[in-house]
Structures are given as structure tokens and as C-alpha cells.
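**Student:** Contents are PDB, C-alpha atoms, pLDDT in the B column; file name work-v3.pdb:
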ATOM      1  CA  MET A   4      -2.705  -8.519 -12.461  1.00 83.00           C
ATOM      2  CA  ARG A   5      -4.340  -6.408 -15.108  1.00 77.00           C
ATOM      3  CA  SER A   6      -3.924  -2.651 -15.346  1.00 85.00           C
ATOM      4  CA  LYS A   7      -5.289   0.214 -17.367  1.00 71.00           C
ATOM      5  CA  SER A   8      -4.215   3.828 -17.649  1.00 76.00           C
ATOM      6  CA  VAL A   9      -7.404   5.869 -17.326  1.00 71.00           C
ATOM      7  CA  ALA A  10      -5.794   9.315 -17.581  1.00 64.00           C
ATOM      8  CA  SER A  11      -2.502  10.515 -18.996  1.00 69.00           C
ATOM      9  CA  GLY A  12      -0.497  13.711 -19.098  1.00 69.00           C
ATOM     10  CA  ALA A  13       1.086  15.457 -16.140  1.00 69.00           C
ATOM     11  CA  GLU A  14      -0.990  13.404 -13.686  1.00 84.00           C
ATOM     12  CA  ARG A  15      -1.588   9.804 -14.714  1.00 92.00           C
ATOM     13  CA  VAL A  16      -4.279   7.607 -13.173  1.00 95.00           C
ATOM     14  CA  PHE A  17      -4.058   3.812 -13.200  1.00 96.00           C
ATOM     15  CA  VAL A  18      -6.538   1.128 -12.192  1.00 97.00           C
ATOM     16  CA  LEU A  19      -5.027  -2.231 -11.227  1.00 97.00           C
ATOM     17  CA  ILE A  20      -7.027  -5.412 -10.794  1.00 98.00           C
ATOM     18  CA  LEU A  21      -5.013  -7.866  -8.728  1.00 98.00           C
ATOM     19  CA  ASP A  22      -5.800 -11.540  -9.109  1.00 97.00           C
ATOM     20  CA  GLN A  23      -6.292 -14.243  -6.534  1.00 98.00           C
ATOM     21  CA  GLY A  24      -3.028 -15.337  -4.952  1.00 98.00           C
ATOM     22  CA  GLU A  25      -1.058 -12.168  -5.727  1.00 98.00           C
ATOM     23  CA  GLU A  26       0.742 -10.527  -2.826  1.00 98.00           C
ATOM     24  CA  ALA A  27      -0.706  -7.011  -2.844  1.00 98.00           C
ATOM     25  CA  PHE A  28       2.172  -4.977  -1.402  1.00 98.00           C
ATOM     26  CA  LYS A  29       4.670  -6.510  -3.827  1.00 98.00           C
ATOM     27  CA  ALA A  30       2.340  -6.207  -6.841  1.00 98.00           C
ATOM     28  CA  ILE A  31       1.655  -2.497  -6.192  1.00 98.00           C
ATOM     29  CA  THR A  32       5.358  -1.817  -5.558  1.00 98.00           C
ATOM     30  CA  ASP A  33       6.408  -3.624  -8.738  1.00 97.00           C
ATOM     31  CA  PHE A  34       3.801  -1.742 -10.788  1.00 98.00           C
ATOM     32  CA  ALA A  35       4.895   1.664  -9.419  1.00 97.00           C
ATOM     33  CA  ASP A  36       8.514   0.762 -10.140  1.00 96.00           C
ATOM     34  CA  THR A  37       7.751  -0.354 -13.714  1.00 96.00           C
ATOM     35  CA  GLU A  38       5.759   2.839 -14.401  1.00 95.00           C
ATOM     36  CA  ARG A  39       8.459   4.989 -12.730  1.00 94.00           C
ATOM     37  CA  ILE A  40       5.926   6.501 -10.334  1.00 95.00           C
ATOM     38  CA  ASP A  41       7.580   8.615  -7.666  1.00 91.00           C
ATOM     39  CA  GLY A  42       4.633  10.551  -6.301  1.00 94.00           C
ATOM     40  CA  ALA A  43       1.085   9.195  -6.039  1.00 97.00           C
ATOM     41  CA  SER A  44      -1.867   8.443  -3.827  1.00 97.00           C
ATOM     42  CA  VAL A  45      -3.181   4.885  -3.598  1.00 98.00           C
ATOM     43  CA  SER A  46      -6.610   3.550  -2.682  1.00 98.00           C
ATOM     44  CA  ALA A  47      -8.056   0.047  -2.912  1.00 98.00           C
ATOM     45  CA  ILE A  48     -10.905  -2.266  -1.957  1.00 98.00           C
ATOM     46  CA  GLY A  49     -11.327  -6.013  -2.302  1.00 98.00           C
ATOM     47  CA  ALA A  50     -10.456  -8.987  -0.135  1.00 98.00           C
ATOM     48  CA  PHE A  51      -7.544 -11.004   1.241  1.00 98.00           C
ATOM     49  CA  ALA A  52      -7.149 -14.665   2.154  1.00 98.00           C
ATOM     50  CA  GLU A  53      -4.876 -13.378   4.935  1.00 98.00           C
ATOM     51  CA  ALA A  54      -3.124 -10.135   5.728  1.00 98.00           C
ATOM     52  CA  LYS A  55      -0.499  -8.599   7.963  1.00 98.00           C
ATOM     53  CA  MET A  56      -0.585  -5.079   9.288  1.00 98.00           C
ATOM     54  CA  GLY A  57       1.543  -3.381  11.871  1.00 98.00           C
ATOM     55  CA  TRP A  58       1.188  -1.007  14.771  1.00 98.00           C
ATOM     56  CA  PHE A  59       4.189   1.305  15.104  1.00 96.00           C
ATOM     57  CA  ASP A  60       5.760   1.150  18.553  1.00 96.00           C
ATOM     58  CA  LEU A  61       7.492   4.533  18.728  1.00 94.00           C
ATOM     59  CA  ALA A  62       9.519   3.648  21.828  1.00 94.00           C
ATOM     60  CA  ALA A  63      10.920   0.509  20.166  1.00 95.00           C
ATOM     61  CA  LYS A  64      11.024   2.165  16.693  1.00 94.00           C
ATOM     62  CA  LYS A  65       9.506  -0.871  15.001  1.00 94.00           C
ATOM     63  CA  TYR A  66       6.204  -2.291  13.842  1.00 96.00           C
ATOM     64  CA  ARG A  67       4.392  -4.799  16.045  1.00 97.00           C
ATOM     65  CA  PRO A  68       2.625  -7.315  13.771  1.00 97.00           C
ATOM     66  CA  ILE A  69      -1.153  -7.594  13.552  1.00 98.00           C
ATOM     67  CA  VAL A  70      -1.796 -10.876  11.737  1.00 98.00           C
ATOM     68  CA  VAL A  71      -5.191 -11.628  10.221  1.00 98.00           C
ATOM     69  CA  GLY A  72      -5.073 -15.319   9.359  1.00 98.00           C
ATOM     70  CA  GLU A  73      -8.479 -15.576   7.734  1.00 98.00           C
ATOM     71  CA  GLN A  74     -10.504 -14.332   4.782  1.00 98.00           C
ATOM     72  CA  CYS A  75     -11.195 -10.626   5.233  1.00 98.00           C
ATOM     73  CA  GLU A  76     -12.764  -7.770   3.297  1.00 98.00           C
ATOM     74  CA  VAL A  77     -10.544  -4.801   2.481  1.00 98.00           C
ATOM     75  CA  LEU A  78     -12.766  -1.993   3.741  1.00 98.00           C
ATOM     76  CA  SER A  79     -10.102   0.628   3.080  1.00 98.00           C
ATOM     77  CA  LEU A  80      -6.529   0.554   1.849  1.00 98.00           C
ATOM     78  CA  MET A  81      -4.958   3.941   1.294  1.00 98.00           C
ATOM     79  CA  GLY A  82      -1.621   5.678   1.264  1.00 98.00           C
ATOM     80  CA  ASP A  83       1.083   7.058  -0.982  1.00 97.00           C
ATOM     81  CA  VAL A  84       4.004   6.264  -3.245  1.00 97.00           C
ATOM     82  CA  ALA A  85       7.335   8.072  -2.971  1.00 96.00           C
ATOM     83  CA  ARG A  86      11.008   7.337  -3.623  1.00 94.00           C
ATOM     84  CA  GLY A  87      13.162   6.263  -0.713  1.00 91.00           C
ATOM     85  CA  ASP A  88      16.690   7.299   0.236  1.00 88.00           C
ATOM     86  CA  ASP A  89      17.917   4.438  -1.936  1.00 91.00           C
ATOM     87  CA  GLY A  90      16.020   5.738  -5.000  1.00 90.00           C
ATOM     88  CA  ARG A  91      13.604   2.802  -4.977  1.00 94.00           C
ATOM     89  CA  VAL A  92       9.809   2.910  -4.812  1.00 96.00           C
ATOM     90  CA  SER A  93       8.573   3.328  -1.244  1.00 96.00           C
ATOM     91  CA  LEU A  94       4.939   2.602  -0.388  1.00 97.00           C
ATOM     92  CA  HIS A  95       3.288   3.837   2.795  1.00 97.00           C
ATOM     93  CA  LEU A  96      -0.115   2.174   3.081  1.00 98.00           C
ATOM     94  CA  HIS A  97      -2.661   1.725   5.849  1.00 98.00           C
ATOM     95  CA  ALA A  98      -5.490  -0.817   5.766  1.00 98.00           C
ATOM     96  CA  VAL A  99      -8.707  -1.590   7.572  1.00 98.00           C
ATOM     97  CA  VAL A 100     -10.082  -5.084   7.041  1.00 98.00           C
ATOM     98  CA  GLY A 101     -13.425  -6.541   8.094  1.00 98.00           C
ATOM     99  CA  LEU A 102     -13.761 -10.039   9.538  1.00 98.00           C
ATOM    100  CA  GLN A 103     -16.629 -12.506   9.192  1.00 97.00           C
ATOM    101  CA  ASP A 104     -18.267 -11.373  12.443  1.00 97.00           C
ATOM    102  CA  GLY A 105     -18.024  -7.681  11.558  1.00 97.00           C
ATOM    103  CA  ALA A 106     -14.967  -7.019  13.725  1.00 98.00           C
ATOM    104  CA  VAL A 107     -12.259  -4.901  12.127  1.00 98.00           C
ATOM    105  CA  ARG A 108      -8.466  -4.856  12.229  1.00 98.00           C
ATOM    106  CA  GLY A 109      -6.291  -2.086  10.928  1.00 98.00           C
ATOM    107  CA  GLY A 110      -2.835  -0.643  10.797  1.00 98.00           C
ATOM    108  CA  HIS A 111       0.190  -0.043   8.616  1.00 98.00           C
ATOM    109  CA  PHE A 112      -0.237  -2.439   5.656  1.00 98.00           C
ATOM    110  CA  LEU A 113       2.634  -4.933   5.371  1.00 98.00           C
ATOM    111  CA  SER A 114       1.253  -7.742   3.192  1.00 98.00           C
ATOM    112  CA  GLY A 115      -1.899  -9.398   1.939  1.00 98.00           C
ATOM    113  CA  SER A 116      -2.667 -12.416  -0.228  1.00 98.00           C
ATOM    114  CA  VAL A 117      -5.457 -11.388  -2.612  1.00 98.00           C
ATOM    115  CA  ARG A 118      -8.642 -13.512  -2.631  1.00 98.00           C
ATOM    116  CA  PRO A 119     -10.591 -13.141  -4.831  1.00 98.00           C
ATOM    117  CA  THR A 120      -9.584  -9.673  -6.092  1.00 98.00           C
ATOM    118  CA  LEU A 121      -8.192  -6.279  -5.158  1.00 98.00           C
ATOM    119  CA  GLU A 122      -9.150  -3.150  -7.105  1.00 98.00           C
ATOM    120  CA  VAL A 123      -6.430  -0.499  -6.803  1.00 98.00           C
ATOM    121  CA  THR A 124      -6.436   3.112  -8.032  1.00 98.00           C
ATOM    122  CA  ILE A 125      -3.134   4.975  -8.279  1.00 98.00           C
ATOM    123  CA  ARG A 126      -3.309   8.747  -8.865  1.00 96.00           C
ATOM    124  CA  GLU A 127       0.054  10.143  -9.798  1.00 94.00           C
ATOM    125  CA  THR A 128       0.935  13.647  -8.613  1.00 88.00           C
ATOM    126  CA  VAL A 129       2.957  16.275 -10.424  1.00 78.00           C
ATOM    127  CA  ALA A 130       5.256  16.556  -7.410  1.00 80.00           C
ATOM    128  CA  HIS A 131       8.028  14.015  -6.977  1.00 84.00           C
ATOM    129  CA  LEU A 132       7.926  12.752  -3.403  1.00 85.00           C
ATOM    130  CA  ARG A 133      10.996  11.625  -1.462  1.00 88.00           C
ATOM    131  CA  ARG A 134      11.039   9.634   1.732  1.00 90.00           C
ATOM    132  CA  LYS A 135      14.000  10.016   4.126  1.00 91.00           C
ATOM    133  CA  LYS A 136      14.864   7.847   7.095  1.00 91.00           C
ATOM    134  CA  ARG A 137      14.510   9.769  10.356  1.00 91.00           C
ATOM    135  CA  ALA A 138      16.727   8.451  13.115  1.00 90.00           C
ATOM    136  CA  ASP A 139      14.619  10.168  15.799  1.00 91.00           C
ATOM    137  CA  VAL A 140      11.529   8.186  14.751  1.00 90.00           C
ATOM    138  CA  GLY A 141      13.111   5.067  13.251  1.00 91.00           C
ATOM    139  CA  ILE A 142      11.195   5.132   9.958  1.00 92.00           C
ATOM    140  CA  ALA A 143      11.317   6.928   6.626  1.00 91.00           C
ATOM    141  CA  LEU A 144       8.894   9.843   6.254  1.00 89.00           C
ATOM    142  CA  ILE A 145       8.121  12.112   3.296  1.00 88.00           C
ATOM    143  CA  ASP A 146      10.630  14.951   3.236  1.00 87.00           C
ATOM    144  CA  MET A 147       9.053  18.171   2.008  1.00 75.00           C
TER
END
Give the structure from this file in C-alpha cells form.
**Tutor:**
Amino acid sequence: MRSKSVASGAERVFVLILDQGEEAFKAITDFADTERIDGASVSAIGAFAEAKMGWFDLAAKKYRPIVVGEQCEVLSLMGDVARGDDGRVSLHLHAVVGLQDGAVRGGHFLSGSVRPTLEVTIRETVAHLRRKKRADVGIALIDM
């Protein structure tokens, strides 16, 4: 992965270029942790060799996997960065990927193996965001 800070000050902006074979969720998480980012928006485009998204089953309080086991275009990957209850970086990302025949799959982004590249923009906010686990829903949500 290569990265470049394209704005600094109260609100930093970073561009990350992920390389083939990198696992996108882990790479973005590790970068946000290294840069001590605790409030940001994330957007990306590129492609994956394979990806996994999830559909949240509210009744079961867990994600049902949506596996894309083929090369796909990242049409949209967006979300945010916050800090979790444990003080660690917490990403909340959604993705829409396009398949060879033009069909699309989407959901809560869980993982993706980059091929050939993923271009990520992270826009840090002035506000520090915190995510708290909500027992009534079963997931951690941003706590205002």
C-alpha cells in the first residue's frame, strides 16, 4: 500500500492506493490505527479478486454472509471510521460490487482481496467519533 496526505491541519485527507493481494478491510483499519484517526469518512473504488459482504439480520442480531467468489469491480465503497468501546479503530463500510455480467451485489463490507488496485480516500473530521455496542440491536453504532 502507498499513501499520501493531501491535506493537513484540523481535518486531514489521505489517499491510499492498495496493491494487489492486500486485504482491504485490514489495510484500511491498520492505516487508520497508525494515523490515530478516530473520526473520518471513507470512500473507495477499484476491484477485488473476491469479496465478502453481509446483510444484517436484525432478528438474529448477526450478519448473513454475501460471498462474491469472483473478480468484481468496486462500484462504491463508503462508510466511516470511529473508535469502538475498546478504544480501537472501528470501521463501518458498505460496498456495491459489479460482476462480469453487470449484476451487482452489495452490503456491509467485511473483506475483499484487492485485484488489481483499490483507491481509497479518507477524510478526517474534527469531531472524534465513538461507537458503542447496543444490546437492543446487537451491533455497535456511533454514539452522539
**Student:** Please, what distance in Å, to one decimal, runs between CA of Gly109 in chain A and CA of Ser46 in chain A?
**Tutor:**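 So the two atoms, CA of Gly109 in chain A and CA of Ser46 in chain A, lie 14.7 Å apart.
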**Student:** To test your reading of the syntax: which residues would the PyMOL selection byres ((chain A and resi 21) around 8) return for the file shown? Reply as an mmCIF file with C-alpha atoms, in the coordinates of the input.
**Tutor:**
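As a result, expr_5.cif now contains:
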data_model
loop_
_atom_site.group_PDB
_atom_site.id
_atom_site.type_symbol
_atom_site.label_atom_id
_atom_site.label_comp_id
_atom_site.auth_asym_id
_atom_site.auth_seq_id
_atom_site.Cartn_x
_atom_site.Cartn_y
_atom_site.Cartn_z
ATOM 1 C CA MET A 4 -2.705 -8.519 -12.461
ATOM 2 C CA ARG A 5 -4.340 -6.408 -15.108
ATOM 3 C CA LEU A 19 -5.027 -2.231 -11.227
ATOM 4 C CA ILE A 20 -7.027 -5.412 -10.794
ATOM 5 C CA ASP A 22 -5.800 -11.540 -9.109
ATOM 6 C CA GLN A 23 -6.292 -14.243 -6.534
ATOM 7 C CA GLU A 25 -1.058 -12.168 -5.727
ATOM 8 C CA ALA A 27 -0.706 -7.011 -2.844
ATOM 9 C CA ALA A 30 2.340 -6.207 -6.841
ATOM 10 C CA VAL A 117 -5.457 -11.388 -2.612
ATOM 11 C CA THR A 120 -9.584 -9.673 -6.092
ATOM 12 C CA LEU A 121 -8.192 -6.279 -5.158
ATOM 13 C CA GLU A 122 -9.150 -3.150 -7.105
ATOM 14 C CA VAL A 123 -6.430 -0.499 -6.803
#
**Student:** Please, what distance in Å, to one decimal, runs between CA of Ile142 in chain A and CA of Lys65 in chain A?
**Tutor:**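 So the two atoms, CA of Ile142 in chain A and CA of Lys65 in chain A, lie 8.0 Å apart.
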**Student:** Can you pull out every residue within 10 Å of Asp146 in chain A, counting only C-alpha atoms, but drop anything in the same chain fewer than 2 positions away, and send it as a VMD selection string?
**Tutor:** chain A and resid 85 87 132 to 137 143 to 144
**Student:** Kindly give the distance, in Å, that separates CA of Gly101 in chain A and CA of Lys29 in chain A, rounded to a single decimal.
**Tutor:**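 Here the two named atoms are 21.7 Å from each other.
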**Student:** Under the PyMOL selection byres ((chain A and resi 54-60) around 8), which residues of this model are included? Write them out as a list of chain:residue names.
**Tutor:**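 On this input, the PyMOL selection byres ((chain A and resi 54-60) around 8) captures A:Phe51, A:Ala52, A:Glu53, A:Leu61, A:Ala62, A:Ala63, A:Lys64, A:Lys65, A:Tyr66, A:Arg67, A:Pro68, A:Ile69, A:Val70, A:Val71, A:Gly72, A:Glu73, A:His97, A:Ala98, A:Gly109, A:Gly110, A:His111, A:Phe112, A:Leu113, A:Ser114, A:Gly115, A:Ser116.
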**Student:** Counting all atoms listed in the file, which of A:Ile145, A:Leu102, A:Val45, A:Ala50 gets nearest to Asp83 in chain A?
**Tutor:**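 So, comparing all the options, the nearest one is A:Val45.
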**Student:** Hey, which of A:Ala130, A:Thr124, A:Asp89, A:Gln74 ends up closest to Asp104 in chain A? Count all atoms listed in the file.
**Tutor:**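 Ranked by minimum distance to Asp104 in chain A, first place goes to A:Gln74.
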**Student:** The PyMOL selection byres ((chain A and resi 41) around 12) - which residues does that actually catch in the file I just gave you? List them as an MDAnalysis selection string.
**Tutor:** chainID A and resid 14:15 32 34:40 42:44 83:87 90:94 125:134 145
**Student:** Have a look at A:Leu78, A:Val9, A:Ala47, A:Ala138 and name the one nearest to Val100 in chain A; count all atoms listed in the file.
**Tutor:**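 Smallest separation from Val100 in chain A among the options: A:Leu78.
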**Student:** Compare A:Phe17, A:Val99, A:Arg118, A:Lys7 by their minimum atom-to-atom distance to Gly49 in chain A, counting all atoms listed in the file, and give me the closest one.
**Tutor:**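 Residue with the minimum atom-to-atom distance to Gly49 in chain A: A:Arg118.
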**Student:** Taking every listed atom of range 19-30 of chain A and adding 6 Å to each side, what centre and edge lengths in Å (one decimal) does the axis-aligned box have, as AutoDock Vina command-line options?
**Tutor:**
--center_x -1.2 --center_y -8.8 --center_z -6.3 --size_x 23.7 --size_y 25.1 --size_z 21.8
**Student:** Can you work out which one of A:Ile48, A:Val140, A:Val16, A:Val107 has the shortest atom-to-atom distance to Met81 in chain A, counting all atoms listed in the file?
**Tutor:**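 For Met81 in chain A, the nearest of the candidates is A:Ile48.
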